[in-house]
$ cat my_file_0.cif   # mmCIF, C-alpha atoms
data_work
#
loop_
_atom_site.label_atom_id
_atom_site.label_comp_id
_atom_site.auth_asym_id
_atom_site.auth_seq_id
_atom_site.Cartn_x
_atom_site.Cartn_y
_atom_site.Cartn_z
CA MET X 1 7.18 10.81 -13.44
CA THR X 2 5.40 7.47 -13.87
CA ASN X 3 1.75 7.61 -12.82
CA ALA X 4 1.49 4.99 -10.08
CA PHE X 5 -2.31 5.12 -9.99
CA LEU X 6 -2.47 4.42 -13.71
CA GLN X 7 -0.04 1.54 -13.31
CA ARG X 8 -2.09 0.09 -10.46
CA LEU X 9 -5.29 0.20 -12.52
CA SER X 10 -3.51 -1.17 -15.60
CA HIS X 11 -2.71 -4.28 -13.55
CA ALA X 12 -6.38 -4.50 -12.59
CA ALA X 13 -7.88 -4.37 -16.11
CA ALA X 14 -6.80 -4.08 -19.74
CA LEU X 15 -6.96 -0.36 -20.64
CA THR X 16 -6.95 1.22 -24.09
CA PRO X 17 -4.89 4.33 -24.95
CA SER X 18 -8.09 6.41 -24.67
CA GLU X 19 -8.80 5.11 -21.18
CA ILE X 20 -5.19 5.67 -20.15
CA GLY X 21 -5.48 9.26 -21.40
CA VAL X 22 -8.62 9.81 -19.31
CA LEU X 23 -6.88 8.56 -16.15
CA GLU X 24 -3.85 10.73 -16.84
CA GLU X 25 -6.15 13.74 -17.17
CA LEU X 26 -7.83 12.93 -13.85
CA CYS X 27 -4.40 13.08 -12.16
CA ARG X 28 -3.31 16.35 -13.77
CA ASN X 29 -3.17 18.55 -10.63
CA PRO X 30 -1.18 16.78 -7.88
CA ARG X 31 -0.01 18.47 -4.67
CA GLU X 32 3.21 17.97 -2.73
CA ILE X 33 2.56 17.14 0.95
CA PRO X 34 5.37 16.94 3.55
CA ALA X 35 5.77 14.01 5.93
CA LYS X 36 3.69 13.81 9.13
CA LYS X 37 0.81 15.86 7.73
CA TYR X 38 -2.84 14.89 8.12
CA LEU X 39 -4.63 14.11 4.86
CA SER X 40 -7.93 13.27 6.53
CA ARG X 41 -9.32 13.34 10.07
CA ASP X 42 -11.99 11.20 11.66
CA GLY X 43 -15.32 12.88 10.89
CA ASP X 44 -14.11 14.84 7.86
CA GLU X 45 -16.44 14.91 4.88
CA ILE X 46 -14.95 13.06 1.91
CA VAL X 47 -15.59 15.42 -0.97
CA THR X 48 -13.09 14.00 -3.51
CA PHE X 49 -11.47 10.72 -4.53
CA PRO X 50 -7.93 11.13 -3.13
CA VAL X 51 -5.01 9.14 -4.56
CA ILE X 52 -1.33 8.86 -3.62
CA LEU X 53 0.97 9.15 -6.63
CA SER X 54 4.21 8.89 -4.64
CA GLY X 55 5.28 8.42 -1.03
CA TRP X 56 3.82 6.47 1.89
CA ALA X 57 0.85 7.28 4.12
CA ALA X 58 -1.25 5.39 6.67
CA ARG X 59 -4.85 5.01 7.77
CA TYR X 60 -5.24 4.47 11.48
CA GLN X 61 -7.57 4.57 14.46
CA ILE X 62 -6.90 5.85 17.98
CA LEU X 63 -8.16 3.77 20.90
CA ARG X 64 -9.60 5.21 24.10
CA ASN X 65 -6.29 4.68 25.90
CA GLY X 66 -4.43 6.67 23.23
CA ALA X 67 -2.93 3.64 21.48
CA ARG X 68 -2.81 3.72 17.69
CA GLN X 69 -3.60 0.89 15.29
CA ILE X 70 -2.56 1.38 11.67
CA THR X 71 -5.21 -0.34 9.56
CA ARG X 72 -3.77 0.31 6.10
CA LEU X 73 -0.46 1.34 4.59
CA LEU X 74 -1.06 3.57 1.57
CA LEU X 75 1.64 3.16 -1.06
CA PRO X 76 2.10 4.80 -4.48
CA GLY X 77 -1.02 4.25 -6.59
CA ASP X 78 -3.38 3.72 -3.64
CA ALA X 79 -6.63 5.57 -2.99
CA PHE X 80 -7.44 6.67 0.57
CA TYR X 81 -11.10 5.65 0.48
CA PHE X 82 -11.64 3.67 -2.70
CA ASP X 83 -15.12 2.58 -1.62
CA SER X 84 -16.44 5.91 -0.36
CA SER X 85 -19.33 7.77 -1.94
CA PRO X 86 -19.64 11.54 -2.36
CA ASP X 87 -20.38 13.29 0.95
CA ALA X 88 -19.31 10.23 2.95
CA VAL X 89 -17.59 10.81 6.32
CA ALA X 90 -14.09 9.58 7.17
CA ILE X 91 -13.97 7.08 10.02
CA GLU X 92 -10.18 6.99 10.32
CA GLU X 93 -7.23 9.34 10.35
CA VAL X 94 -4.90 9.45 7.33
CA ILE X 95 -1.38 10.81 7.75
CA THR X 96 1.68 10.97 5.51
CA LEU X 97 4.63 8.85 6.64
CA SER X 98 6.96 10.43 4.08
CA PRO X 99 6.70 13.31 1.61
CA CYS X 100 3.83 12.46 -0.73
CA GLN X 101 2.38 13.58 -4.01
CA ILE X 102 -1.41 13.59 -3.74
CA VAL X 103 -4.15 14.17 -6.28
CA ASN X 104 -7.77 14.83 -5.28
CA ILE X 105 -10.02 13.68 -8.10
CA PRO X 106 -13.55 15.15 -8.03
CA HIS X 107 -16.11 12.38 -7.56
CA ALA X 108 -18.12 13.71 -10.52
CA ASP X 109 -15.09 13.38 -12.83
CA MET X 110 -14.35 9.84 -11.63
CA ASN X 111 -17.98 8.80 -12.03
CA ARG X 112 -18.12 10.20 -15.58
CA ALA X 113 -14.97 8.29 -16.49
CA ILE X 114 -16.40 5.04 -15.11
CA GLU X 115 -19.74 5.53 -16.90
CA ARG X 116 -18.13 6.34 -20.23
CA TYR X 117 -15.36 3.74 -20.08
CA PRO X 118 -16.48 0.40 -18.59
CA ALA X 119 -12.89 -0.87 -18.41
CA ILE X 120 -12.06 1.88 -15.92
CA GLY X 121 -15.00 0.74 -13.82
CA GLU X 122 -13.74 -2.86 -14.07
CA ALA X 123 -10.26 -1.73 -13.00
CA MET X 124 -11.71 0.07 -10.00
CA ARG X 125 -13.76 -2.98 -8.99
CA ASN X 126 -10.73 -5.25 -9.29
CA TYR X 127 -8.64 -2.77 -7.36
CA GLY X 128 -11.31 -2.82 -4.64
CA CYS X 129 -11.11 -6.63 -4.52
CA MET X 130 -7.37 -6.36 -3.95
CA GLU X 131 -7.94 -3.84 -1.16
CA ASN X 132 -10.34 -6.26 0.52
CA ALA X 133 -7.85 -9.10 0.11
CA ILE X 134 -5.14 -7.00 1.78
CA LEU X 135 -7.46 -6.25 4.68
CA ALA X 136 -8.22 -9.97 5.12
CA SER X 137 -4.51 -10.78 5.00
CA TRP X 138 -3.79 -8.18 7.68
CA VAL X 139 -6.44 -9.72 9.95
CA VAL X 140 -4.71 -13.09 9.60
CA ASN X 141 -1.30 -11.49 10.07
CA VAL X 142 -2.16 -9.84 13.38
CA GLY X 143 -4.44 -12.60 14.59
CA ARG X 144 -2.55 -15.80 13.81
CA ARG X 145 1.05 -15.27 12.71
CA ASP X 146 3.85 -14.99 15.23
CA ALA X 147 5.94 -11.83 15.49
CA LEU X 148 8.66 -12.88 13.05
CA GLU X 149 6.12 -14.10 10.50
CA ARG X 150 4.19 -10.82 10.79
CA MET X 151 7.28 -8.77 10.12
CA ALA X 152 8.42 -10.90 7.20
CA HIS X 153 4.93 -10.91 5.65
CA LEU X 154 4.61 -7.12 5.84
CA ILE X 155 7.98 -6.67 4.11
CA CYS X 156 7.09 -9.17 1.37
CA GLU X 157 3.70 -7.52 0.80
CA ALA X 158 5.16 -4.01 0.61
CA HIS X 159 7.82 -5.22 -1.83
CA PHE X 160 5.27 -6.84 -4.15
CA ARG X 161 2.93 -3.83 -4.09
CA LEU X 162 5.82 -1.49 -4.90
CA THR X 163 6.98 -3.80 -7.69
CA LEU X 164 3.55 -3.41 -9.32
CA VAL X 165 4.16 0.32 -9.78
CA ASP X 166 7.91 0.17 -10.49
CA ALA X 167 8.72 1.73 -7.10
CA ALA X 168 11.23 -0.97 -6.16
CA GLN X 169 14.69 -1.43 -7.63
CA GLY X 170 14.94 -5.20 -7.71
CA ASN X 171 14.89 -6.26 -4.08
CA GLN X 172 15.60 -2.78 -2.69
CA PHE X 173 12.96 -0.16 -1.89
CA PHE X 174 12.18 2.92 0.17
CA PHE X 175 10.87 1.90 3.61
CA PRO X 176 10.09 4.95 5.78
CA LEU X 177 8.40 3.12 8.67
CA THR X 178 9.83 3.74 12.12
CA GLN X 179 9.82 1.05 14.79
CA ASP X 180 6.85 2.81 16.39
CA ASP X 181 5.03 2.69 13.02
CA LEU X 182 5.80 -1.02 12.66
CA ALA X 183 4.55 -1.65 16.19
CA ASP X 184 1.26 0.08 15.33
CA VAL X 185 0.90 -1.95 12.12
CA LEU X 186 1.73 -5.34 13.60
CA GLY X 187 0.24 -5.02 17.09
CA LEU X 188 3.60 -5.44 18.82
CA THR X 189 5.76 -3.31 21.10
CA PRO X 190 8.66 -1.27 19.67
CA VAL X 191 11.05 -3.43 21.72
CA HIS X 192 9.62 -6.57 20.11
CA ILE X 193 9.86 -4.93 16.68
CA ASN X 194 13.54 -4.17 17.26
CA ARG X 195 14.26 -7.77 18.22
CA LYS X 196 12.57 -9.18 15.12
CA LEU X 197 14.31 -6.74 12.80
CA GLN X 198 17.61 -7.75 14.37
CA GLN X 199 16.72 -11.42 13.89
CA LEU X 200 15.96 -10.91 10.21
CA ARG X 201 19.24 -9.02 9.84
CA HIS X 202 21.16 -11.71 11.75
CA GLU X 203 19.72 -14.41 9.49
CA ARG X 204 20.80 -12.31 6.49
CA LEU X 205 17.29 -12.02 5.10
CA ILE X 206 17.15 -8.21 5.06
CA ALA X 207 19.28 -5.11 5.44
CA LEU X 208 17.76 -1.79 6.53
CA ARG X 209 19.73 1.43 6.48
CA SER X 210 18.68 5.07 6.02
CA LYS X 211 15.07 4.09 5.18
CA GLN X 212 16.22 1.74 2.43
CA MET X 213 15.09 -1.86 2.75
CA SER X 214 17.10 -4.54 0.96
CA ILE X 215 15.77 -8.09 0.81
CA LEU X 216 18.83 -10.31 0.72
CA ASP X 217 17.00 -13.61 0.26
CA LEU X 218 13.45 -13.09 -1.01
CA ARG X 219 12.61 -16.77 -1.36
CA GLU X 220 13.63 -17.54 2.23
CA LEU X 221 11.84 -14.44 3.53
CA GLN X 222 8.68 -15.63 1.79
CA GLN X 223 9.12 -19.03 3.41
CA VAL X 224 9.41 -17.45 6.85
CA ALA X 225 6.29 -15.34 6.21
CA GLY X 226 4.24 -18.01 4.49
CA PHE X 227 3.77 -15.37 1.80
CA ASP X 228 1.83 -16.05 -1.41
CA SER X 229 1.46 -13.03 -3.68
CA ALA X 230 -1.69 -14.35 -5.43
CA TYR X 231 -4.00 -12.17 -3.31
CA LEU X 232 -2.19 -9.07 -4.58
CA ALA X 233 -2.70 -9.86 -8.28
CA PRO X 234 -6.01 -8.13 -9.08
CA ARG X 235 -6.50 -9.86 -12.45
CA THR X 236 -6.61 -13.64 -12.80
CA ASP X 237 -4.93 -13.35 -16.21
CA ASN X 238 -2.12 -11.16 -14.87
CA LYS X 239 0.47 -13.89 -15.32
CA ASP X 240 3.29 -11.60 -16.46
CA THR X 241 3.39 -9.71 -13.16
CA LEU X 242 3.32 -12.87 -11.05
CA GLY X 243 5.89 -14.50 -13.31
CA HIS X 244 8.21 -11.52 -13.06
CA TYR X 245 7.93 -11.49 -9.28
CA LYS X 246 8.61 -15.20 -8.98
CA ALA X 247 11.67 -14.75 -11.20
CA ILE X 248 13.00 -12.16 -8.75
CA ALA X 249 12.52 -14.63 -5.90
CA ALA X 250 14.27 -17.42 -7.75
#
$ encode --input "my_file_0.cif" --output "structure tokens"
Amino acid sequence: MTNAFLQRLSHAAALTPSEIGVLEELCRNPREIPAKKYLSRDGDEIVTFPVILSGWAARYQILRNGARQITRLLLPGDAFYFDSSPDAVAIEEVITLSPCQIVNIPHADMNRAIERYPAIGEAMRNYGCMENAILASWVVNVGRRDALERMAHLICEAHFRLTLVDAAQGNQFFFPLTQDDLADVLGLTPVHINRKLQQLRHERLIALRSKQMSILDLRELQQVAGFDSAYLAPRTDNKDTLGHYKAIAA
């Protein structure tokens, strides 16, 4: 199986074979986790550096009225808490949305790898910048885009992020989110989510069947969303990835 975490970091910095070997060793003991299982609870001590190698998960918060807001979709190659320190405390819940393969990297091992190999540290910093850029984009998405734009932008973002780790087959990819999940990501009601999905289908921009999303017209979907993938390219010299993605949209 391709190591999605290694691919994600390889897009964030140029890594030598030695550095790639170190990262592969860090991911040597993954676990299989079923869907709808908690990976972290609010208040849990964060004792490792957890990474998703396959599958989808979500970070979320529960409001006083019981409503849920998903604050981050965790896709293959993502770390739960990339900016946490040893003995930090989780402030959100993390749950699997599909079966996942998870590896828990000891903080001491990750720190040794960063200290010994500066490029791994650079990759982690650049990855963190991308995480922050995604968070900023989500704030704009929920705060300023209309419902159709929000939906289209989320689909475009997921597609690009999956393309980075070879988890998309052209314009088709696994999309396990339910309408309730989408409502909790986008700050809409499930009824509103259903209407916007139907609109995108009616306009022949997407097809969604059996958790498989197909983008039928990527360029037009990007136009609807106002989507620019530049914030998802963690290296300024990463022209090949951006070029490949733009070729798909052409």
$ atom_distance --input "my_file_0.cif" --atom1 "CA of Ala168 (chain X)" --atom2 "CA of Asp180 (chain X)"
23.3 Å
$ residues_around --input "my_file_0.cif" --residues "Ser54 (chain X)" --least-positions-apart "6" --cutoff "12 Å" --atoms "all atoms listed in the file" --output "MDAnalysis selection string"
chainID X and resid 1:5 30:35 74:79 96:103 162 165:167 174
$ resolve_selection --input "my_file_0.cif" --expression "the PyMOL selection byres ((chain X and resi 185) around 7)" --output "compact mmCIF listing (two decimals) with C-alpha atoms, in the frame of the given file"
# COMPACT_ATOMS: atom_id res chain seq x y z
CA GLN X 69 -3.60 0.89 15.29
CA ILE X 70 -2.56 1.38 11.67
CA THR X 71 -5.21 -0.34 9.56
CA ASP X 181 5.03 2.69 13.02
CA LEU X 182 5.80 -1.02 12.66
CA ALA X 183 4.55 -1.65 16.19
CA ASP X 184 1.26 0.08 15.33
CA LEU X 186 1.73 -5.34 13.60
CA GLY X 187 0.24 -5.02 17.09
$ closest_residue --input "my_file_0.cif" --among "X:Glu122, X:Asp109, X:Glu25, X:Glu93" --to "Leu9 (chain X)" --atoms "all atoms listed in the file"
X:Glu122
$ closest_residue --input "my_file_0.cif" --among "X:Leu148, X:Leu221, X:Ile155, X:Ile206" --to "His192 (chain X)" --atoms "all atoms listed in the file"
X:Leu148
$ atom_distance --input "my_file_0.cif" --atom1 "CA of Ser214 (chain X)" --atom2 "CA of Trp138 (chain X)"
22.2 Å
$ closest_residue --input "my_file_0.cif" --among "X:Ile193, X:Leu205, X:Leu26, X:Val94" --to "Ile114 (chain X)" --atoms "only C-alpha atoms"
X:Leu26
$ atom_distance --input "my_file_0.cif" --atom1 "CA of Leu135 (chain X)" --atom2 "CA of Arg72 (chain X)"
7.7 Å
$ resolve_selection --input "my_file_0.cif" --expression "the PyMOL selection byres ((chain X and resi 225) around 7)" --output "list in words"
Glu149, Arg150, Ala152, His153, Leu221, Gln222, Gln223, Val224, Gly226 and Phe227 of chain X
$ resolve_selection --input "my_file_0.cif" --expression "the PyMOL selection byres ((chain X and resi 130) around 8)" --output "list of chain:residue names"
X:Asn126, X:Tyr127, X:Gly128, X:Cys129, X:Glu131, X:Asn132, X:Ala133, X:Ile134, X:Tyr231, X:Leu232, X:Ala233, X:Pro234
$ write_last_selection --input "my_file_0.cif" --atoms "C-alpha atoms" --output "compact mmCIF listing (two decimals), in the coordinates of the input"
# COMPACT_ATOMS: atom_id res chain seq x y z
CA ASN X 126 -10.73 -5.25 -9.29
CA TYR X 127 -8.64 -2.77 -7.36
CA GLY X 128 -11.31 -2.82 -4.64
CA CYS X 129 -11.11 -6.63 -4.52
CA GLU X 131 -7.94 -3.84 -1.16
CA ASN X 132 -10.34 -6.26 0.52
CA ALA X 133 -7.85 -9.10 0.11
CA ILE X 134 -5.14 -7.00 1.78
CA TYR X 231 -4.00 -12.17 -3.31
CA LEU X 232 -2.19 -9.07 -4.58
CA ALA X 233 -2.70 -9.86 -8.28
CA PRO X 234 -6.01 -8.13 -9.08
$ closest_residue --input "my_file_0.cif" --among "X:Met110, X:Gly55, X:Asp217, X:Pro118" --to "Arg201 (chain X)" --atoms "all atoms listed in the file"
X:Asp217
$ closest_residue --input "my_file_0.cif" --among "X:Leu188, X:Met124, X:Ala113, X:Ile62" --to "Tyr81 (chain X)" --atoms "only C-alpha atoms"
X:Met124
$ closest_residue --input "my_file_0.cif" --among "X:Leu63, X:Ile52, X:Arg161, X:Phe175" --to "Lys211 (chain X)" --atoms "all atoms listed in the file"
X:Phe175
